[in-house]
>>> print(open('query_24.cif').read())   # mmCIF, C-alpha atoms
data_coords
#
loop_
_atom_site.group_PDB
_atom_site.id
_atom_site.type_symbol
_atom_site.label_atom_id
_atom_site.label_comp_id
_atom_site.auth_asym_id
_atom_site.auth_seq_id
_atom_site.Cartn_x
_atom_site.Cartn_y
_atom_site.Cartn_z
ATOM 1 C CA SER A 1 87.526 131.149 96.176
ATOM 2 C CA GLN A 2 91.131 130.274 95.403
ATOM 3 C CA PHE A 3 92.699 132.157 98.273
ATOM 4 C CA ILE A 4 92.470 132.876 101.960
ATOM 5 C CA CYS A 5 93.609 136.331 103.038
ATOM 6 C CA CYS A 6 95.215 137.004 106.375
ATOM 7 C CA SER A 7 97.252 140.081 107.370
ATOM 8 C CA SER A 8 97.251 141.323 103.772
ATOM 9 C CA PHE A 9 98.959 138.285 102.268
ATOM 10 C CA ILE A 10 97.967 134.828 101.199
ATOM 11 C CA LYS A 11 98.848 132.462 103.993
ATOM 12 C CA LYS A 12 97.459 129.146 102.908
ATOM 13 C CA ILE A 13 96.235 127.613 99.664
ATOM 14 C CA GLU A 14 94.066 124.547 99.647
ATOM 15 C CA LEU A 15 95.509 121.546 97.824
ATOM 16 C CA LYS A 16 92.425 120.972 95.691
ATOM 17 C CA ASN A 17 92.456 124.519 94.321
ATOM 18 C CA VAL A 18 96.116 124.465 93.327
ATOM 19 C CA MET A 19 95.748 121.066 91.699
ATOM 20 C CA LYS A 20 92.856 122.400 89.647
ATOM 21 C CA LYS A 21 95.109 125.172 88.425
ATOM 22 C CA ASN A 22 98.284 123.175 87.824
ATOM 23 C CA HIS A 23 97.371 119.555 87.199
ATOM 24 C CA PRO A 24 94.803 118.932 84.486
ATOM 25 C CA LYS A 25 94.518 115.222 85.330
ATOM 26 C CA MET A 26 92.583 115.629 88.553
ATOM 27 C CA ASN A 27 92.155 111.898 89.106
ATOM 28 C CA GLU A 28 95.881 111.185 88.783
ATOM 29 C CA VAL A 29 97.723 110.436 92.030
ATOM 30 C CA PRO A 30 101.112 112.187 92.174
ATOM 31 C CA LEU A 31 103.980 109.762 91.795
ATOM 32 C CA LEU A 32 106.112 111.696 94.266
ATOM 33 C CA SER A 33 105.386 114.112 97.106
ATOM 34 C CA ILE A 34 108.356 116.352 97.942
ATOM 35 C CA VAL A 35 107.944 117.795 101.434
ATOM 36 C CA THR A 36 109.963 120.857 102.425
ATOM 37 C CA ILE A 37 110.155 122.121 106.006
ATOM 38 C CA ASN A 38 111.275 125.681 106.615
ATOM 39 C CA TYR A 39 111.738 128.161 109.433
ATOM 40 C CA ASN A 40 113.410 131.547 108.903
ATOM 41 C CA ASN A 41 115.635 130.253 106.112
ATOM 42 C CA GLN A 42 114.500 132.229 103.090
ATOM 43 C CA ALA A 43 117.770 131.797 101.172
ATOM 44 C CA GLY A 44 117.876 128.041 101.782
ATOM 45 C CA LEU A 45 114.207 127.696 100.881
ATOM 46 C CA ASP A 46 114.744 129.550 97.616
ATOM 47 C CA ARG A 47 117.663 127.282 96.736
ATOM 48 C CA THR A 48 115.643 124.167 97.539
ATOM 49 C CA LEU A 49 112.572 125.143 95.526
ATOM 50 C CA SER A 50 114.728 126.301 92.638
ATOM 51 C CA SER A 51 116.511 122.931 92.603
ATOM 52 C CA ILE A 52 113.133 121.177 92.448
ATOM 53 C CA PHE A 53 111.378 123.293 89.849
ATOM 54 C CA ASP A 54 114.365 124.135 87.642
ATOM 55 C CA THR A 55 114.982 120.442 86.991
ATOM 56 C CA THR A 56 113.567 118.249 84.253
ATOM 57 C CA ILE A 57 110.342 116.814 85.712
ATOM 58 C CA PRO A 58 108.739 114.247 83.378
ATOM 59 C CA PHE A 59 106.018 113.201 85.823
ATOM 60 C CA LEU A 60 103.502 114.498 88.310
ATOM 61 C CA ILE A 61 105.105 115.647 91.548
ATOM 62 C CA GLU A 62 103.457 117.291 94.521
ATOM 63 C CA SER A 63 105.349 120.002 96.369
ATOM 64 C CA ILE A 64 104.331 120.463 100.010
ATOM 65 C CA ILE A 65 105.796 123.393 101.974
ATOM 66 C CA ILE A 66 105.424 123.546 105.761
ATOM 67 C CA ASP A 67 106.721 126.825 107.153
ATOM 68 C CA GLY A 68 106.795 127.445 110.893
ATOM 69 C CA ALA A 69 105.464 131.032 110.813
ATOM 70 C CA SER A 70 108.784 132.471 109.687
ATOM 71 C CA SER A 71 109.437 136.137 110.438
ATOM 72 C CA ASP A 72 111.798 136.625 107.486
ATOM 73 C CA ALA A 73 110.813 136.721 103.798
ATOM 74 C CA SER A 74 110.168 132.976 103.528
ATOM 75 C CA VAL A 75 106.488 133.484 102.658
ATOM 76 C CA GLU A 76 107.494 135.795 99.812
ATOM 77 C CA VAL A 77 109.775 133.040 98.495
ATOM 78 C CA ILE A 78 106.896 130.563 98.681
ATOM 79 C CA LYS A 79 104.630 132.967 96.804
ATOM 80 C CA LYS A 80 107.256 133.242 94.038
ATOM 81 C CA TYR A 81 106.859 129.512 93.352
ATOM 82 C CA GLU A 82 103.177 129.325 94.329
ATOM 83 C CA PRO A 83 101.787 128.204 90.939
ATOM 84 C CA LYS A 84 103.954 125.073 91.171
ATOM 85 C CA ILE A 85 103.224 124.280 94.818
ATOM 86 C CA ALA A 86 100.419 121.875 95.684
ATOM 87 C CA TYR A 87 100.010 122.919 99.317
ATOM 88 C CA TRP A 88 101.685 125.313 101.717
ATOM 89 C CA GLN A 89 101.112 126.720 105.138
ATOM 90 C CA SER A 90 102.878 129.200 107.387
ATOM 91 C CA GLU A 91 101.812 128.433 110.943
ATOM 92 C CA ARG A 92 103.424 127.779 114.287
ATOM 93 C CA ASP A 93 104.361 124.160 114.939
ATOM 94 C CA LYS A 94 106.121 122.182 117.659
ATOM 95 C CA GLY A 95 109.437 121.919 115.856
ATOM 96 C CA ILE A 96 110.981 120.329 112.792
ATOM 97 C CA TYR A 97 109.669 116.799 113.359
ATOM 98 C CA ASP A 98 106.153 118.019 114.090
ATOM 99 C CA ALA A 99 106.341 119.979 110.830
ATOM 100 C CA MET A 100 107.511 116.852 109.005
ATOM 101 C CA ASN A 101 104.510 114.967 110.395
ATOM 102 C CA ILE A 102 102.226 117.728 109.121
ATOM 103 C CA GLY A 103 103.854 117.517 105.693
ATOM 104 C CA LEU A 104 103.509 113.740 105.652
ATOM 105 C CA ALA A 105 99.818 114.022 106.540
ATOM 106 C CA LYS A 106 99.258 116.515 103.700
ATOM 107 C CA SER A 107 101.037 114.342 101.120
ATOM 108 C CA THR A 108 99.052 112.290 98.618
ATOM 109 C CA GLY A 109 101.846 110.926 96.406
ATOM 110 C CA ARG A 110 102.736 107.285 95.949
ATOM 111 C CA TYR A 111 106.211 108.065 97.279
ATOM 112 C CA VAL A 112 107.325 110.751 99.723
ATOM 113 C CA TRP A 113 110.682 112.550 99.867
ATOM 114 C CA PHE A 114 111.724 115.034 102.565
ATOM 115 C CA LEU A 115 113.885 117.776 101.083
ATOM 116 C CA ASN A 116 113.997 120.544 103.664
ATOM 117 C CA SER A 117 115.048 124.154 103.181
ATOM 118 C CA GLY A 118 118.714 124.263 102.218
ATOM 119 C CA ASP A 119 118.684 120.703 100.817
ATOM 120 C CA LEU A 120 118.959 120.378 97.044
ATOM 121 C CA VAL A 121 118.019 117.952 94.297
ATOM 122 C CA ASN A 122 121.488 116.878 93.193
ATOM 123 C CA GLU A 123 121.340 117.631 89.455
ATOM 124 C CA ARG A 124 118.844 118.986 86.905
ATOM 125 C CA SER A 125 118.519 115.458 85.508
ATOM 126 C CA THR A 126 118.011 113.684 88.861
ATOM 127 C CA LEU A 127 114.202 113.640 88.845
ATOM 128 C CA LYS A 128 114.159 112.574 85.198
ATOM 129 C CA HIS A 129 116.402 109.617 86.018
ATOM 130 C CA LEU A 130 114.385 108.730 89.122
ATOM 131 C CA HIS A 131 111.160 108.615 87.124
ATOM 132 C CA PRO A 132 111.469 105.118 85.562
ATOM 133 C CA VAL A 133 112.596 103.644 88.891
ATOM 134 C CA LEU A 134 109.630 105.046 90.814
ATOM 135 C CA LEU A 135 107.249 104.231 87.989
ATOM 136 C CA GLN A 136 107.998 100.503 88.347
ATOM 137 C CA ASP A 137 106.173 100.656 91.692
ATOM 138 C CA LYS A 138 107.971 97.556 92.960
ATOM 139 C CA TRP A 139 110.386 99.232 95.375
ATOM 140 C CA ASP A 140 109.344 100.293 98.864
ATOM 141 C CA ILE A 141 112.477 102.424 99.196
ATOM 142 C CA VAL A 142 114.702 104.149 96.674
ATOM 143 C CA TYR A 143 117.933 105.405 98.220
ATOM 144 C CA GLY A 144 121.240 106.748 97.013
ATOM 145 C CA GLU A 145 124.352 108.766 97.605
ATOM 146 C CA THR A 146 124.344 112.287 99.021
ATOM 147 C CA GLN A 147 126.716 115.052 98.031
ATOM 148 C CA MET A 148 127.864 116.928 101.142
ATOM 149 C CA VAL A 149 128.335 120.672 100.660
ATOM 150 C CA ASP A 150 129.528 123.545 102.846
ATOM 151 C CA ILE A 151 127.476 126.659 103.603
ATOM 152 C CA GLN A 152 128.639 128.185 100.291
ATOM 153 C CA TYR A 153 127.371 125.001 98.548
ATOM 154 C CA ASN A 154 130.843 123.894 97.518
ATOM 155 C CA VAL A 155 130.935 120.107 97.252
ATOM 156 C CA ILE A 156 132.994 118.533 100.049
ATOM 157 C CA GLY A 157 132.471 114.956 98.917
ATOM 158 C CA SER A 158 129.943 112.177 99.054
ATOM 159 C CA GLY A 159 128.403 110.928 102.257
ATOM 160 C CA SER A 160 130.288 107.653 101.854
ATOM 161 C CA GLU A 161 133.603 109.471 101.466
ATOM 162 C CA ASN A 162 132.986 111.616 104.537
ATOM 163 C CA SER A 163 131.868 108.731 106.742
ATOM 164 C CA ASN A 164 134.134 105.966 105.365
ATOM 165 C CA ARG A 165 131.001 103.827 105.095
ATOM 166 C CA PRO A 166 130.039 102.842 101.537
ATOM 167 C CA LEU A 167 126.386 102.521 100.655
ATOM 168 C CA PRO A 168 125.106 98.956 101.051
ATOM 169 C CA GLU A 169 123.887 97.206 97.920
ATOM 170 C CA THR A 170 120.681 96.370 99.798
ATOM 171 C CA LEU A 171 119.361 98.512 102.606
ATOM 172 C CA HIS A 172 118.132 96.686 105.699
ATOM 173 C CA TYR A 173 117.717 97.217 109.445
ATOM 174 C CA ASN A 174 121.274 96.187 110.333
ATOM 175 C CA SER A 175 122.772 98.484 107.702
ATOM 176 C CA PHE A 176 122.927 101.279 110.286
ATOM 177 C CA LYS A 177 124.407 99.452 113.277
ATOM 178 C CA TYR A 178 127.791 101.127 112.660
ATOM 179 C CA GLY A 179 126.194 104.497 112.022
ATOM 180 C CA MET A 180 124.211 106.304 109.353
ATOM 181 C CA ASN A 181 125.199 105.555 105.763
ATOM 182 C CA VAL A 182 122.002 106.907 104.171
ATOM 183 C CA VAL A 183 120.448 110.237 105.159
ATOM 184 C CA HIS A 184 116.779 111.126 104.761
ATOM 185 C CA GLN A 185 117.608 113.633 101.991
ATOM 186 C CA SER A 186 118.450 110.662 99.750
ATOM 187 C CA PHE A 187 115.788 108.303 101.072
ATOM 188 C CA ILE A 188 112.532 108.074 99.116
ATOM 189 C CA VAL A 189 109.863 105.830 100.592
ATOM 190 C CA LYS A 190 106.376 104.658 99.721
ATOM 191 C CA ARG A 191 104.004 106.868 101.650
ATOM 192 C CA GLU A 192 101.866 103.927 102.778
ATOM 193 C CA ILE A 193 104.712 102.497 104.887
ATOM 194 C CA ALA A 194 106.018 105.827 106.234
ATOM 195 C CA PRO A 195 105.248 106.261 109.955
ATOM 196 C CA LEU A 196 105.003 109.521 111.843
ATOM 197 C CA TYR A 197 108.147 110.977 113.388
ATOM 198 C CA ASP A 198 108.620 110.440 117.136
ATOM 199 C CA LEU A 199 108.287 113.895 118.725
ATOM 200 C CA ARG A 200 109.977 112.694 121.917
ATOM 201 C CA LEU A 201 113.272 112.806 119.995
ATOM 202 C CA LYS A 202 114.615 116.326 119.487
ATOM 203 C CA HIS A 203 117.615 115.724 117.225
ATOM 204 C CA VAL A 204 117.608 112.263 115.617
ATOM 205 C CA SER A 205 113.966 111.426 114.977
ATOM 206 C CA ASP A 206 114.826 111.214 111.260
ATOM 207 C CA ILE A 207 117.248 108.358 112.009
ATOM 208 C CA ASP A 208 114.642 106.594 114.146
ATOM 209 C CA TRP A 209 112.092 107.089 111.346
ATOM 210 C CA ILE A 210 114.332 105.336 108.818
ATOM 211 C CA LEU A 211 115.155 102.518 111.243
ATOM 212 C CA ARG A 212 111.486 101.894 112.011
ATOM 213 C CA ILE A 213 110.783 101.713 108.276
ATOM 214 C CA LEU A 214 113.664 99.287 107.723
ATOM 215 C CA LYS A 215 112.478 97.109 110.601
ATOM 216 C CA THR A 216 109.429 96.207 108.484
ATOM 217 C CA GLU A 217 111.804 94.549 105.954
ATOM 218 C CA PRO A 218 110.883 96.600 102.880
ATOM 219 C CA ASN A 219 112.512 95.976 99.517
ATOM 220 C CA SER A 220 114.940 98.628 98.392
ATOM 221 C CA TYR A 221 116.660 99.962 95.290
ATOM 222 C CA LEU A 222 120.096 101.578 95.247
ATOM 223 C CA PHE A 223 119.927 104.488 92.802
ATOM 224 C CA SER A 224 122.952 104.728 90.526
ATOM 225 C CA GLU A 225 123.760 108.403 91.140
ATOM 226 C CA PRO A 226 123.637 110.914 94.002
ATOM 227 C CA ILE A 227 120.071 111.981 94.799
ATOM 228 C CA SER A 228 120.562 115.095 96.908
ATOM 229 C CA ARG A 229 122.952 117.727 98.197
ATOM 230 C CA PHE A 230 123.034 118.318 101.935
ATOM 231 C CA VAL A 231 124.565 121.245 103.828
ATOM 232 C CA LEU A 232 126.537 119.843 106.761
ATOM 233 C CA GLU A 233 125.362 122.691 108.993
ATOM 234 C CA GLY A 234 121.969 121.056 109.523
ATOM 235 C CA HIS A 235 119.783 120.885 112.620
ATOM 236 C CA SER A 236 121.672 118.033 114.281
ATOM 237 C CA SER A 237 125.037 119.410 113.120
ATOM 238 C CA GLN A 238 124.336 122.650 115.005
ATOM 239 C CA ASN A 239 123.439 120.725 118.184
ATOM 240 C CA ARG A 240 126.204 118.166 117.928
ATOM 241 C CA LYS A 241 126.755 117.239 121.584
ATOM 242 C CA ALA A 242 123.075 116.750 122.401
ATOM 243 C CA ALA A 243 122.497 115.019 119.050
ATOM 244 C CA ASN A 244 125.376 112.579 119.603
ATOM 245 C CA TRP A 245 124.058 111.575 123.039
ATOM 246 C CA GLU A 246 120.523 111.154 121.728
ATOM 247 C CA ARG A 247 121.867 109.151 118.794
ATOM 248 C CA PHE A 248 123.789 106.835 121.133
ATOM 249 C CA LYS A 249 120.663 106.183 123.201
ATOM 250 C CA LEU A 250 118.639 105.606 120.035
ATOM 251 C CA PHE A 251 121.089 103.055 118.626
ATOM 252 C CA SER A 252 121.206 101.331 122.020
ATOM 253 C CA LYS A 253 117.417 101.088 121.932
ATOM 254 C CA HIS A 254 117.390 99.583 118.440
ATOM 255 C CA TYR A 255 120.467 97.322 118.629
ATOM 256 C CA GLY A 256 121.005 96.834 122.375
ATOM 257 C CA LEU A 257 123.432 98.665 124.667
ATOM 258 C CA LEU A 258 126.204 96.037 124.573
ATOM 259 C CA ASN A 259 126.060 95.647 120.790
ATOM 260 C CA ASN A 260 126.055 99.424 120.397
ATOM 261 C CA LEU A 261 129.123 99.791 122.627
ATOM 262 C CA LEU A 262 130.968 97.053 120.687
ATOM 263 C CA ASN A 263 129.995 98.656 117.390
ATOM 264 C CA HIS A 264 131.347 102.014 118.567
ATOM 265 C CA VAL A 265 134.646 100.348 119.510
ATOM 266 C CA LYS A 266 134.853 98.888 115.989
ATOM 267 C CA ILE A 267 134.130 102.311 114.501
ATOM 268 C CA LEU A 268 136.886 103.837 116.655
ATOM 269 C CA PHE A 269 139.436 101.256 115.493
ATOM 270 C CA GLN A 270 138.516 101.965 111.856
ATOM 271 C CA TYR A 271 139.231 105.669 112.313
ATOM 272 C CA LEU A 272 142.517 104.970 114.094
ATOM 273 C CA LYS A 273 143.853 102.811 111.251
#
>>> encode(input="query_24.cif", output="structure tokens")
Amino acid sequence: SQFICCSSFIKKIELKNVMKKNHPKMNEVPLLSIVTINYNNQAGLDRTLSSIFDTTIPFLIESIIIDGASSDASVEVIKKYEPKIAYWQSERDKGIYDAMNIGLAKSTGRYVWFLNSGDLVNERSTLKHLHPVLLQDKWDIVYGETQMVDIQYNVIGSGSENSNRPLPETLHYNSFKYGMNVVHQSFIVKREIAPLYDLRLKHVSDIDWILRILKTEPNSYLFSEPISRFVLEGHSSQNRKAANWERFKLFSKHYGLLNNLLNHVKILFQYLK
């Protein structure tokens, strides 16, 4: 059977069945797993999946969709793209980071990339240009610039322009001591070194996830063009006060309270110049 029926619609498709339908080379490991988390964001989900599947894809990717039992038409959007999706589920979870852990566990690709509902692949050619870099298989991390957009998807500027922090030529643990200069939407990592997200963190577990990866001293590659587009009204953006406090505590944990305070003073002076 290639489907499981529940409440008159298909709720979940097993990975092996979809791969039989869509990927003739059954023994081939996907080069890239793209994990998309969604909850009641049908329009954002449609934009995200369209940006993935309407691009030039010269290699085997694996699309994983983890929906948190949305009550809007998100499942209908998923079904529209179903032939191209490797695995999806629409079930209750414990929040966005729990859903990201589920998606990570379902992934089988050599690399994994979290592109959640509302996030976009930057250009139609982005995946095509990423292909030779990922194919080399010598980089633990591939990272790049992010185009920030408003809720109408008008480009505001790059992440570097908005934060006044240029991307480092090499990404390492201390790269973030003055704040985030790479977001997870433009951070592609080898699945074998990707840990689970810390569910004790409610707003900035994605930052902690990147820092814990960088603490292992992986090698990294700075991609020559923007990788993704990110709507500034994201989860942490909508919970700014709580997110800022949790972020401060997180950076104090990783870099020490005194160093974190001094770094924040330096950041303040930069903005006052």
>>> closest_atom_pairs(input="query_24.cif", of="segment 104-217 of chain A", to="segment 53-59 of chain A", cutoff="10 Å", atoms="all atoms listed in the file", output="Markdown table")
| residue | atom | partner | partner_atom | distance |
| --- | --- | --- | --- | --- |
| A:Val121 | CA | A:Thr55 | CA | 8.3 |
| A:Asn122 | CA | A:Thr55 | CA | 9.7 |
| A:Glu123 | CA | A:Thr55 | CA | 7.4 |
| A:Arg124 | CA | A:Thr55 | CA | 4.1 |
| A:Ser125 | CA | A:Thr56 | CA | 5.8 |
| A:Thr126 | CA | A:Thr55 | CA | 7.6 |
| A:Leu127 | CA | A:Ile57 | CA | 5.9 |
| A:Lys128 | CA | A:Ile57 | CA | 5.7 |
| A:His129 | CA | A:Thr56 | CA | 9.3 |
| A:Leu130 | CA | A:Ile57 | CA | 9.7 |
| A:His131 | CA | A:Phe59 | CA | 7.0 |
| A:Pro132 | CA | A:Phe59 | CA | 9.8 |
| A:Leu135 | CA | A:Phe59 | CA | 9.3 |
>>> resolve_selection(input="query_24.cif", expression="the PyMOL selection byres ((chain A and resi 68) around 7)", output="list in words")
Asn38, Tyr39, Ile66, Asp67, Ala69, Ser70, Ser90, Glu91, Arg92 and Asp93 of chain A
>>> write_last_selection(input="query_24.cif", atoms="C-alpha atoms", output="short mmCIF file (atom, residue, chain, number, x, y, z; two decimals), keeping the file's coordinate frame")
data_model
loop_
_atom_site.label_atom_id
_atom_site.label_comp_id
_atom_site.auth_asym_id
_atom_site.auth_seq_id
_atom_site.Cartn_x
_atom_site.Cartn_y
_atom_site.Cartn_z
CA ASN A 38 111.28 125.68 106.62
CA TYR A 39 111.74 128.16 109.43
CA ILE A 66 105.42 123.55 105.76
CA ASP A 67 106.72 126.82 107.15
CA ALA A 69 105.46 131.03 110.81
CA SER A 70 108.78 132.47 109.69
CA SER A 90 102.88 129.20 107.39
CA GLU A 91 101.81 128.43 110.94
CA ARG A 92 103.42 127.78 114.29
CA ASP A 93 104.36 124.16 114.94
#
>>> closest_atom_pairs(input="query_24.cif", of="segment 63-151 of chain A", to="segment 197-203 of chain A", cutoff="10 Å", atoms="all atoms listed in the file", output="tab-separated table")
residue	atom	partner	partner_atom	distance
A:Lys94	CA	A:Leu199	CA	8.6
A:Gly95	CA	A:Lys202	CA	8.4
A:Ile96	CA	A:Lys202	CA	8.6
A:Tyr97	CA	A:Tyr197	CA	6.0
A:Asp98	CA	A:Leu199	CA	6.6
A:Ala99	CA	A:Tyr197	CA	9.5
A:Met100	CA	A:Tyr197	CA	7.4
A:Asn101	CA	A:Tyr197	CA	6.2
A:Ile102	CA	A:Tyr197	CA	9.9
A:Leu104	CA	A:Tyr197	CA	9.4
>>> closest_residue(input="query_24.cif", among="A:Ile65, A:Val142, A:Ile207, A:Leu261", to="Pro226 of chain A", atoms="only C-alpha atoms")
A:Val142
>>> residues_around(input="query_24.cif", residues="Asn181 of chain A", least_positions_apart="4", cutoff="8 Å", atoms="all atoms listed in the file", output="PyMOL selection string")
chain A and resi 159-160+163+165-167+175-176
>>> residues_near_point(input="query_24.cif", point="(120.7, 128.8, 96.6)", cutoff="10 Å", atoms="all atoms listed in the file", output="MDAnalysis selection string")
chainID A and resid 42:51 117:120 151:153
>>> resolve_selection(input="query_24.cif", expression="the PyMOL selection byres ((chain A and resi 214) around 12)", output="PyMOL selection string")
chain A and resi 140-141+170-176+182+187+189+193-195+207-213+215-220+254
>>> residues_near_point(input="query_24.cif", point="(114.5, 140.2, 102.4)", cutoff="12 Å", atoms="all atoms listed in the file", output="list of chain:residue names")
A:Asn40, A:Asn41, A:Gln42, A:Ala43, A:Asp46, A:Ser71, A:Asp72, A:Ala73, A:Ser74, A:Val75, A:Glu76, A:Val77
>>> resolve_selection(input="query_24.cif", expression="the PyMOL selection byres ((chain A and resi 60) around 7)", output="PyMOL selection string")
chain A and resi 30-31+59+61-62
>>> closest_residue(input="query_24.cif", among="A:Trp88, A:Tyr178, A:Tyr81, A:Tyr143", to="Lys266 of chain A", atoms="all atoms listed in the file")
A:Tyr178
>>> atom_distance(input="query_24.cif", atom1="atom CA of Phe248 of chain A", atom2="atom CA of Val231 of chain A")
22.5 Å
>>> atom_distance(input="query_24.cif", atom1="atom CA of Lys253 of chain A", atom2="atom CA of Arg240 of chain A")
19.6 Å
>>> closest_residue(input="query_24.cif", among="A:Arg247, A:Arg110, A:Lys241, A:Lys80", to="Leu134 of chain A", atoms="only C-alpha atoms")
A:Arg110
>>> residues_around(input="query_24.cif", residues="Gly157 of chain A", least_positions_apart="2", cutoff="9 Å", atoms="only C-alpha atoms", output="PyMOL selection string")
chain A and resi 146-149+155+159-162
>>> atom_distance(input="query_24.cif", atom1="atom CA of Leu250 of chain A", atom2="atom CA of Ile34 of chain A")
26.6 Å
>>> closest_residue(input="query_24.cif", among="A:Asn164, A:Asn263, A:Gln136, A:Ser33", to="Ala105 of chain A", atoms="all atoms listed in the file")
A:Ser33
>>> axis_aligned_box(input="query_24.cif", around="segment 84-88 of chain A", padding_each_side="8 Å", output="lines of an AutoDock Vina configuration file")
center_x = 102.0
center_y = 123.6
center_z = 96.4
size_x = 19.9
size_y = 19.4
size_z = 26.5
>>> closest_residue(input="query_24.cif", among="A:Ile156, A:Ile37, A:Leu32, A:Val112", to="Arg191 of chain A", atoms="all atoms listed in the file")
A:Val112
>>> decode(input="query_24.cif", residues="segment 168-183 of chain A", atoms="C-alpha atoms", output="PDB file, in the first residue's frame")
ATOM      1  CA  PRO A 168      33.504  35.801   8.263  1.00  0.00           C
ATOM      2  CA  GLU A 169      35.723  34.196   5.646  1.00  0.00           C
ATOM      3  CA  THR A 170      35.927  31.128   7.893  1.00  0.00           C
ATOM      4  CA  LEU A 171      33.187  30.204  10.313  1.00  0.00           C
ATOM      5  CA  HIS A 172      34.280  29.152  13.793  1.00  0.00           C
ATOM      6  CA  TYR A 173      33.007  29.113  17.379  1.00  0.00           C
ATOM      7  CA  ASN A 174      34.122  32.665  18.177  1.00  0.00           C
ATOM      8  CA  SER A 175      32.501  34.057  15.035  1.00  0.00           C
ATOM      9  CA  PHE A 176      29.281  34.619  16.993  1.00  0.00           C
ATOM     10  CA  LYS A 177      30.608  36.249  20.164  1.00  0.00           C
ATOM     11  CA  TYR A 178      29.354  39.660  18.968  1.00  0.00           C
ATOM     12  CA  GLY A 179      26.056  38.223  17.797  1.00  0.00           C
ATOM     13  CA  MET A 180      24.646  36.122  14.984  1.00  0.00           C
ATOM     14  CA  ASN A 181      26.149  36.731  11.549  1.00  0.00           C
ATOM     15  CA  VAL A 182      24.882  33.492   9.971  1.00  0.00           C
ATOM     16  CA  VAL A 183      21.312  32.244  10.394  1.00  0.00           C
TER      17      VAL A 183
END
